[in-house]
>>> print(open('my_file30.txt').read())   # compact mmCIF, C-alpha atoms and all ligand atoms
# COMPACT_ATOMS: atom_id res chain seq x y z
CA MET A 1 65.94 38.45 95.28
CA THR A 2 69.47 37.37 96.06
CA VAL A 3 70.31 33.87 94.97
CA LEU A 4 72.85 32.33 97.27
CA PRO A 5 75.37 30.00 95.65
CA THR A 6 74.43 26.41 96.25
CA GLU A 7 76.90 24.52 98.35
CA LEU A 8 79.03 22.33 96.11
CA GLY A 9 79.53 18.72 97.07
CA LEU A 10 83.01 17.29 97.58
CA SER A 11 82.78 15.28 94.33
CA VAL A 12 82.29 18.45 92.29
CA LEU A 13 85.02 20.27 94.19
CA MET A 14 87.42 17.41 93.45
CA ARG A 15 86.56 17.20 89.77
CA ASP A 16 86.50 20.94 89.13
CA GLY A 17 89.55 21.57 91.28
CA SER A 18 91.68 19.14 89.27
CA GLN A 19 90.51 19.93 85.74
CA ALA A 20 93.76 21.60 84.68
CA GLU A 21 95.83 18.78 86.20
CA HIS A 22 93.67 16.19 84.41
CA LYS A 23 94.26 17.92 81.07
CA ASP A 24 98.02 17.84 81.73
CA ALA A 25 97.89 14.09 82.47
CA GLU A 26 95.88 13.40 79.32
CA GLY A 27 98.29 15.46 77.25
CA SER A 28 101.49 13.86 78.54
CA ASN A 29 103.83 12.66 75.82
CA PHE A 30 103.77 9.08 77.05
CA MET A 31 99.94 8.87 77.23
CA SER A 32 99.34 10.48 73.86
CA SER A 33 102.01 8.30 72.21
CA LEU A 34 100.56 5.19 73.86
CA LEU A 35 97.07 6.01 72.63
CA ASP A 36 98.45 6.81 69.17
CA GLY A 37 99.86 3.29 68.97
CA GLN A 38 103.46 4.54 69.10
CA VAL A 39 104.56 2.76 72.27
CA ASN A 40 105.75 -0.84 72.02
CA GLU A 41 105.09 -3.80 74.34
CA ALA A 42 108.17 -3.04 76.46
CA GLY A 43 106.92 0.49 77.09
CA TYR A 44 103.46 -0.64 78.17
CA THR A 45 104.99 -3.37 80.34
CA GLU A 46 107.17 -0.79 82.13
CA TYR A 47 104.15 1.42 82.70
CA LEU A 48 102.27 -1.51 84.28
CA ALA A 49 105.33 -2.46 86.34
CA MET A 50 105.39 1.11 87.69
CA LEU A 51 101.69 1.00 88.53
CA ARG A 52 102.14 -2.23 90.48
CA PRO A 53 103.83 -0.79 93.62
CA ILE A 54 101.40 2.13 93.53
CA TYR A 55 98.35 -0.15 93.65
CA ALA A 56 100.07 -2.41 96.17
CA ALA A 57 100.42 0.64 98.44
CA LEU A 58 96.86 1.85 97.77
CA GLU A 59 95.42 -1.55 98.54
CA SER A 60 97.54 -2.20 101.60
CA VAL A 61 96.60 1.19 103.12
CA ALA A 62 92.95 0.56 102.13
CA ALA A 63 93.00 -2.74 104.02
CA ARG A 64 94.29 -0.91 107.10
CA LEU A 65 91.67 1.85 106.81
CA ALA A 66 88.69 -0.37 105.98
CA ASP A 67 86.92 0.54 109.23
CA ASP A 68 87.84 4.20 109.22
CA PRO A 69 84.68 6.37 109.32
CA ILE A 70 85.91 8.50 106.42
CA ALA A 71 88.20 6.44 104.17
CA GLY A 72 86.23 3.26 104.92
CA THR A 73 83.18 4.79 103.22
CA MET A 74 85.08 4.90 99.92
CA ILE A 75 87.08 1.68 100.14
CA ASP A 76 85.74 -1.26 98.15
CA PRO A 77 88.00 -4.32 97.80
CA ALA A 78 85.83 -5.43 94.83
CA ILE A 79 87.56 -2.81 92.67
CA ASN A 80 91.12 -3.67 93.74
CA ARG A 81 93.51 -3.74 90.76
CA LEU A 82 96.58 -5.58 92.02
CA ASP A 83 95.51 -9.03 90.80
CA ALA A 84 94.50 -7.58 87.42
CA ILE A 85 97.90 -5.87 87.11
CA ASP A 86 99.67 -9.15 87.87
CA GLN A 87 97.54 -10.94 85.30
CA ASP A 88 98.40 -8.29 82.70
CA LEU A 89 102.09 -8.29 83.61
CA ALA A 90 102.21 -12.05 83.05
CA PHE A 91 100.69 -11.47 79.61
CA TRP A 92 102.86 -8.51 78.57
CA ALA A 93 106.18 -9.49 80.11
CA GLY A 94 105.95 -13.10 78.96
CA ASP A 95 109.20 -15.02 79.02
CA ALA A 96 111.27 -11.86 79.46
CA GLY A 97 109.90 -11.57 83.02
CA VAL A 98 108.62 -8.47 84.75
CA PRO A 99 111.18 -5.66 84.43
CA GLU A 100 112.70 -4.40 87.65
CA ILE A 101 111.70 -0.80 88.04
CA ARG A 102 113.85 1.77 89.79
CA SER A 103 111.89 5.00 89.72
CA LYS A 104 112.05 8.13 91.83
CA ALA A 105 108.52 9.03 90.69
CA VAL A 106 107.15 5.69 91.90
CA ASP A 107 109.02 5.89 95.22
CA THR A 108 107.74 9.41 95.87
CA TYR A 109 104.17 8.42 94.94
CA VAL A 110 104.24 5.30 97.15
CA ALA A 111 105.62 7.32 100.10
CA ARG A 112 102.79 9.84 99.72
CA ILE A 113 100.16 7.06 99.71
CA GLU A 114 101.73 5.48 102.81
CA ALA A 115 101.76 8.87 104.58
CA SER A 116 98.04 9.31 103.90
CA ALA A 117 97.32 6.30 106.13
CA ALA A 118 97.77 8.67 109.08
CA ASP A 119 95.30 11.18 107.60
CA PRO A 120 92.41 9.18 106.10
CA ALA A 121 90.75 12.19 104.42
CA LEU A 122 93.87 12.49 102.28
CA PHE A 123 93.74 8.80 101.42
CA VAL A 124 90.33 9.53 99.86
CA ALA A 125 92.13 11.82 97.38
CA HIS A 126 94.50 9.00 96.43
CA HIS A 127 91.66 6.51 96.09
CA TYR A 128 89.54 8.85 93.94
CA THR A 129 92.28 9.91 91.55
CA ARG A 130 93.24 6.38 90.56
CA TYR A 131 90.05 4.31 90.83
CA LEU A 132 87.57 6.86 89.48
CA GLY A 133 90.06 7.58 86.70
CA ASP A 134 90.35 3.88 85.86
CA LEU A 135 86.55 3.66 85.78
CA SER A 136 86.35 6.74 83.53
CA GLY A 137 89.00 7.48 80.90
CA GLY A 138 90.59 4.12 81.72
CA GLN A 139 87.68 2.37 80.02
CA ALA A 140 88.45 4.08 76.71
CA ILE A 141 92.19 3.50 77.16
CA GLY A 142 91.60 -0.26 77.49
CA ARG A 143 89.60 -0.34 74.25
CA ILE A 144 92.23 1.70 72.39
CA LEU A 145 95.03 -0.59 73.60
CA ALA A 146 93.13 -3.68 72.51
CA ARG A 147 92.88 -2.20 69.01
CA ALA A 148 96.40 -0.76 68.84
CA PHE A 149 98.03 -4.05 69.85
CA ASP A 150 95.43 -6.26 68.22
CA LEU A 151 95.08 -8.12 71.50
CA PRO A 152 93.44 -11.54 71.63
CA GLU A 153 89.93 -11.23 73.09
CA GLY A 154 90.07 -9.80 76.60
CA GLN A 155 93.78 -10.49 77.15
CA GLY A 156 96.30 -7.98 78.48
CA ILE A 157 93.72 -5.41 79.57
CA ALA A 158 92.41 -6.91 82.81
CA PHE A 159 93.49 -3.66 84.47
CA TYR A 160 90.62 -1.82 82.75
CA ARG A 161 88.02 -4.56 83.30
CA PHE A 162 86.14 -4.42 86.59
CA ASP A 163 84.30 -7.70 86.96
CA ALA A 164 82.46 -6.32 90.00
CA VAL A 165 81.37 -3.23 88.06
CA PRO A 166 79.61 -4.28 84.87
CA LYS A 167 78.39 -0.71 84.32
CA PRO A 168 80.77 2.06 85.40
CA LYS A 169 78.23 4.92 85.22
CA PRO A 170 75.96 3.91 88.14
CA TYR A 171 79.00 2.87 90.18
CA LYS A 172 80.64 6.25 89.61
CA ASP A 173 77.40 8.08 90.47
CA GLN A 174 77.18 6.12 93.70
CA TYR A 175 80.90 6.74 94.39
CA ARG A 176 80.35 10.49 94.00
CA ALA A 177 77.31 10.31 96.31
CA ARG A 178 79.51 8.61 98.92
CA LEU A 179 82.14 11.36 98.53
CA ASP A 180 79.43 13.96 99.07
CA SER A 181 78.24 12.19 102.22
CA LEU A 182 81.62 12.25 103.98
CA PRO A 183 81.47 14.11 107.29
CA LEU A 184 84.24 16.62 106.45
CA THR A 185 84.59 20.28 107.37
CA SER A 186 85.03 22.65 104.44
CA GLU A 187 88.64 23.02 105.55
CA ASP A 188 89.13 19.25 105.27
CA GLN A 189 87.35 19.23 101.92
CA GLN A 190 89.84 21.83 100.71
CA ARG A 191 92.74 19.68 101.93
CA VAL A 192 91.32 16.74 99.99
CA VAL A 193 91.08 18.84 96.81
CA GLU A 194 94.68 20.00 97.27
CA GLU A 195 95.79 16.39 97.71
CA VAL A 196 93.99 15.40 94.48
CA LYS A 197 96.09 18.01 92.67
CA VAL A 198 99.22 16.60 94.29
CA VAL A 199 98.23 13.07 93.21
CA PHE A 200 97.73 14.18 89.61
CA GLY A 201 101.20 15.73 89.81
CA LEU A 202 102.63 12.43 91.06
CA ASN A 203 101.04 10.63 88.11
CA GLY A 204 102.42 13.34 85.85
CA ALA A 205 105.93 12.73 87.19
CA LEU A 206 105.52 9.06 86.33
CA PHE A 207 104.59 9.97 82.75
CA THR A 208 107.54 12.37 82.56
CA GLU A 209 109.91 9.54 83.50
CA LEU A 210 108.31 7.25 80.93
CA SER A 211 108.32 9.98 78.28
CA ALA A 212 112.10 10.24 78.60
CA HIS A 213 112.26 6.63 77.37
CA LEU A 214 109.99 7.08 74.35
CA PRO A 215 112.81 6.60 71.83
CA ARG A 216 113.47 3.18 73.38
CA PHE A 217 109.73 2.37 73.33
CA ALA A 218 109.18 3.33 69.66
CA ARG A 219 107.14 0.89 67.57
C1 LIG B 301 94.85 9.94 78.00
C2 LIG B 301 94.54 9.76 79.24
C3 LIG B 301 93.18 10.04 79.83
C4 LIG B 301 91.98 10.15 79.21
C5 LIG B 301 91.66 10.00 77.75
C6 LIG B 301 91.02 10.42 80.26
C7 LIG B 301 89.68 10.64 80.04
C8 LIG B 301 88.75 10.88 81.00
C9 LIG B 301 87.35 11.12 80.76
C10 LIG B 301 86.69 11.14 79.38
C11 LIG B 301 86.76 11.31 81.95
C12 LIG B 301 85.30 11.65 82.20
C13 LIG B 301 84.46 10.43 82.35
C14 LIG B 301 83.10 10.74 82.89
O1 LIG B 301 82.55 11.82 82.70
O2 LIG B 301 82.54 9.87 83.54
C15 LIG B 301 87.78 11.17 82.95
C16 LIG B 301 87.57 11.27 84.29
C17 LIG B 301 88.55 11.10 85.24
N1 LIG B 301 89.89 10.87 85.02
FE1 LIG B 301 90.78 10.72 83.24
N2 LIG B 301 91.65 10.46 81.47
C18 LIG B 301 92.99 10.22 81.24
C19 LIG B 301 93.98 10.16 82.15
C20 LIG B 301 93.79 10.22 83.50
C21 LIG B 301 94.83 10.09 84.49
C22 LIG B 301 96.29 9.82 84.20
C23 LIG B 301 94.22 10.20 85.70
C24 LIG B 301 94.82 10.10 87.07
C25 LIG B 301 95.76 9.30 87.41
C26 LIG B 301 92.80 10.41 85.47
C27 LIG B 301 91.86 10.57 86.45
C28 LIG B 301 90.52 10.81 86.23
C29 LIG B 301 89.54 11.00 87.28
C30 LIG B 301 89.80 10.96 88.76
C31 LIG B 301 88.31 11.17 86.65
C32 LIG B 301 86.96 11.37 87.33
C33 LIG B 301 86.57 12.83 87.32
C34 LIG B 301 85.26 13.02 88.06
O3 LIG B 301 84.23 12.82 87.44
O4 LIG B 301 85.31 13.35 89.24
N3 LIG B 301 92.59 10.43 84.13
N4 LIG B 301 88.99 10.89 82.35
>>> encode(input="my_file30.txt", output="structure tokens", more="lines below")
Ligand code: HEM
Amino acid sequence: MTVLPTELGLSVLMRDGSQAEHKDAEGSNFMSSLLDGQVNEAGYTEYLAMLRPIYAALESVAARLADDPIAGTMIDPAINRLDAIDQDLAFWAGDAGVPEIRSKAVDTYVARIEASAADPALFVAHHYTRYLGDLSGGQAIGRILARAFDLPEGQGIAFYRFDAVPKPKPYKDQYRARLDSLPLTSEDQQRVVEEVKVVFGLNGALFTELSAHLPRFAR
């Protein structure tokens, strides 16, 4: 009897298709130093300040695509991060004020998010890579930061706390089910997977820029 391969859902294609890129992101100098407690407050503040325009772009495009039959299925304003980032920036930057960021990596990333507004399937790749990541490894990152910086209860890590998602696991399962339900041709699914790889690369470029400043960020 011949067993035909089962058709893989989009969520599996996205995860499996970006495994190597995910490993690269995890292994970036900046991330591993941050999680090792070797990055100071200024370094984490700059990282947050770089994430701000990225989430501003994600959430502004999401608002425009809320009724789109494809992207709209994934968009959920309850998991927006911009307010949390602002809350954290106020905590980390303190009296010094939020640093002004001039970054080619951020500009390139923001332009790519904006461009995906015209091709909503690609926006799904942007949405997945950041929000599912924040709901996954991001949860551990928040806990490690709290320990490394000995943060006062709950402060400075609002970015990793999703008030609307008390338990990430069922939310992520449901998110993956929504990905699998999207009415996309296999060609479109492939384009989404390729865009996920691009998005990981854009995040990698951000880490590369930050890594170049590690001597300045040393604790
Ligand atoms: C040191 C940094 C990181 C660690 C320790 C980490 C860890 C993890 C872990 C343990 C999971 C699996 C969680 C699960 O099975 O539910 C995961 C999933 C994920 N991570 Fe990361 N991650 C890191 C960085 C990143 C970055 C920088 C991104 C992208 C910007 C990212 C995006 C994702 C995505 C999209 C998933 C979901 C995969 C899926 O199930 O489809 N991660 N991460």
>>> residues_near_ligand(input="my_file30.txt", ligand="ligand LIG 301 (chain B)", cutoff="8 Å", atoms="all atoms listed in the file", output="PyMOL selection string")
chain A and resi 11-12+14-16+22-23+25-28+31-32+35+128-138+140-141+169+172+176+199-200+203-204
>>> residues_around(input="my_file30.txt", residues="Gln190 of chain A", least_positions_apart="2", cutoff="12 Å", atoms="only C-alpha atoms", output="list in words")
Leu8, Gly9, Leu10, Ser11, Val12, Leu13, Met14, Gly17, Ser18, Ala121, Leu122, Ala125, Leu184, Thr185, Ser186, Glu187, Asp188, Val192, Val193, Glu194, Glu195, Val196 and Lys197 of chain A
>>> atom_distance(input="my_file30.txt", atom1="atom CA of Ala218 of chain A", atom2="atom CA of Gln19 of chain A")
29.7 Å
>>> residues_around(input="my_file30.txt", residues="segment 105-109 of chain A", least_positions_apart="5", cutoff="12 Å", atoms="only C-alpha atoms", output="VMD selection string")
chain A and resid 46 to 58 114 to 116 126 130 195 198 to 210
>>> closest_residue(input="my_file30.txt", among="A:Phe217, A:Phe159, A:Phe123, A:Tyr171", to="Asp68 of chain A", atoms="all atoms listed in the file")
A:Phe123
>>> axis_aligned_box(input="my_file30.txt", around="segment 29-48 of chain A", padding_each_side="4 Å", output="JSON")
{"center_x": 102.6, "center_y": 4.4, "center_z": 76.6, "size_x": 19.1, "size_y": 24.5, "size_z": 23.3}
>>> residues_around(input="my_file30.txt", residues="Leu151 of chain A", least_positions_apart="6", cutoff="12 Å", atoms="all atoms listed in the file", output="list in words")
Glu41, Asp88, Phe91, Trp92, Gly142, Arg143, Ile144, Leu145, Ile157 and Ala158 of chain A
>>> atom_distance(input="my_file30.txt", atom1="atom CA of Arg178 of chain A", atom2="atom CA of Arg161 of chain A")
22.1 Å
>>> atom_distance(input="my_file30.txt", atom1="atom CA of Val61 of chain A", atom2="atom CA of Ala117 of chain A")
6.0 Å
>>> closest_atom_pairs(input="my_file30.txt", of="segment 151-185 of chain A", to="segment 72-79 of chain A", cutoff="10 Å", atoms="only C-alpha atoms", output="Markdown table")
| residue | atom | partner | partner_atom | distance |
| --- | --- | --- | --- | --- |
| A:Arg161 | CA | A:Ile79 | CA | 9.5 |
| A:Phe162 | CA | A:Ile79 | CA | 6.4 |
| A:Asp163 | CA | A:Ile79 | CA | 8.2 |
| A:Ala164 | CA | A:Ala78 | CA | 6.0 |
| A:Val165 | CA | A:Ile79 | CA | 7.7 |
| A:Tyr175 | CA | A:Met74 | CA | 7.2 |
| A:Arg176 | CA | A:Met74 | CA | 9.4 |
| A:Arg178 | CA | A:Met74 | CA | 6.8 |
| A:Leu179 | CA | A:Met74 | CA | 7.2 |
| A:Ser181 | CA | A:Thr73 | CA | 9.0 |
| A:Leu182 | CA | A:Thr73 | CA | 7.7 |
>>> closest_residue(input="my_file30.txt", among="A:Pro183, A:Pro170, A:Gly156, A:Pro120", to="Ile85 of chain A", atoms="only C-alpha atoms")
A:Gly156
>>> decode(input="my_file30.txt", residues="segment 94-108 of chain A", atoms="all heavy atoms", output="tab-separated table (two decimals), in the first residue's frame")
chain	number	residue	atom	x	y	z
A	94	GLY	N	13.76	56.23	31.61
A	94	GLY	CA	13.73	57.11	32.77
A	94	GLY	C	13.98	58.56	32.39
A	94	GLY	O	13.50	59.05	31.35
A	95	ASP	N	14.76	59.24	33.23
A	95	ASP	CA	14.99	60.67	33.02
A	95	ASP	C	15.82	60.95	31.78
A	95	ASP	O	15.78	62.05	31.22
A	95	ASP	CB	15.70	61.26	34.25
A	95	ASP	CG	14.79	61.24	35.46
A	95	ASP	OD1	13.56	61.15	35.25
A	95	ASP	OD2	15.31	61.29	36.60
A	96	ALA	N	16.60	59.97	31.34
A	96	ALA	CA	17.47	60.17	30.17
A	96	ALA	C	16.62	60.36	28.90
A	96	ALA	O	17.10	60.91	27.91
A	96	ALA	CB	18.40	58.98	30.01
A	97	GLY	N	15.37	59.93	28.92
A	97	GLY	CA	14.51	60.04	27.74
A	97	GLY	C	14.81	58.93	26.75
A	97	GLY	O	15.89	58.33	26.77
A	98	VAL	N	13.83	58.68	25.89
A	98	VAL	CA	13.97	57.60	24.91
A	98	VAL	C	15.04	57.98	23.88
A	98	VAL	O	14.98	59.06	23.31
A	98	VAL	CB	12.61	57.34	24.21
A	98	VAL	CG1	12.77	56.26	23.14
A	98	VAL	CG2	11.56	56.94	25.23
A	99	PRO	N	16.03	57.12	23.66
A	99	PRO	CA	17.08	57.47	22.71
A	99	PRO	C	16.54	57.56	21.29
A	99	PRO	O	15.63	56.83	20.92
A	99	PRO	CB	18.08	56.31	22.83
A	99	PRO	CG	17.30	55.17	23.40
A	99	PRO	CD	16.21	55.78	24.24
A	100	GLU	N	17.09	58.52	20.53
A	100	GLU	CA	16.66	58.63	19.14
A	100	GLU	C	17.44	57.60	18.32
A	100	GLU	O	18.67	57.54	18.40
A	100	GLU	CB	16.97	60.03	18.62
A	100	GLU	CG	16.11	60.39	17.44
A	100	GLU	CD	16.51	61.73	16.84
A	100	GLU	OE1	16.67	62.68	17.65
A	100	GLU	OE2	16.68	61.81	15.63
A	101	ILE	N	16.69	56.78	17.61
A	101	ILE	CA	17.34	55.68	16.90
A	101	ILE	C	17.44	55.99	15.42
A	101	ILE	O	16.43	56.30	14.78
A	101	ILE	CB	16.51	54.37	17.08
A	101	ILE	CG1	16.44	53.98	18.55
A	101	ILE	CG2	17.07	53.23	16.24
A	101	ILE	CD1	17.75	53.62	19.20
A	102	ARG	N	18.66	55.95	14.90
A	102	ARG	CA	18.81	56.01	13.44
A	102	ARG	C	19.38	54.67	13.01
A	102	ARG	O	20.51	54.34	13.35
A	102	ARG	CB	19.71	57.17	13.03
A	102	ARG	CG	18.86	58.27	12.41
A	102	ARG	CD	19.65	59.42	11.86
A	102	ARG	NE	19.67	60.51	12.84
A	102	ARG	CZ	20.79	61.00	13.36
A	102	ARG	NH1	21.98	60.51	13.01
A	102	ARG	NH2	20.74	61.98	14.23
A	103	SER	N	18.56	53.87	12.33
A	103	SER	CA	18.98	52.50	12.04
A	103	SER	C	18.52	52.08	10.66
A	103	SER	O	17.33	52.13	10.34
A	103	SER	CB	18.38	51.56	13.09
A	103	SER	OG	18.24	50.26	12.59
A	104	LYS	N	19.49	51.63	9.86
A	104	LYS	CA	19.16	51.16	8.51
A	104	LYS	C	18.32	49.88	8.63
A	104	LYS	O	17.38	49.69	7.86
A	104	LYS	CB	20.46	50.88	7.76
A	104	LYS	CG	20.28	50.64	6.31
A	104	LYS	CD	21.62	50.80	5.55
A	104	LYS	CE	21.50	50.27	4.14
A	104	LYS	NZ	21.48	48.81	4.06
A	105	ALA	N	18.66	49.04	9.61
A	105	ALA	CA	17.93	47.77	9.77
A	105	ALA	C	16.46	48.04	10.10
A	105	ALA	O	15.57	47.40	9.54
A	105	ALA	CB	18.57	46.93	10.87
A	106	VAL	N	16.21	49.02	10.96
A	106	VAL	CA	14.83	49.35	11.32
A	106	VAL	C	14.10	49.93	10.10
A	106	VAL	O	12.97	49.52	9.78
A	106	VAL	CB	14.77	50.33	12.51
A	106	VAL	CG1	13.35	50.84	12.73
A	106	VAL	CG2	15.28	49.66	13.79
A	107	ASP	N	14.76	50.85	9.39
A	107	ASP	CA	14.11	51.47	8.22
A	107	ASP	C	13.74	50.42	7.18
A	107	ASP	O	12.65	50.46	6.60
A	107	ASP	CB	15.04	52.51	7.59
A	107	ASP	CG	15.25	53.72	8.51
A	107	ASP	OD1	14.51	53.83	9.51
A	107	ASP	OD2	16.15	54.52	8.23
A	108	THR	N	14.66	49.49	6.93
A	108	THR	CA	14.42	48.45	5.93
A	108	THR	C	13.26	47.56	6.37
A	108	THR	O	12.38	47.20	5.58
A	108	THR	CB	15.69	47.59	5.74
A	108	THR	OG1	16.78	48.47	5.51
A	108	THR	CG2	15.55	46.64	4.59
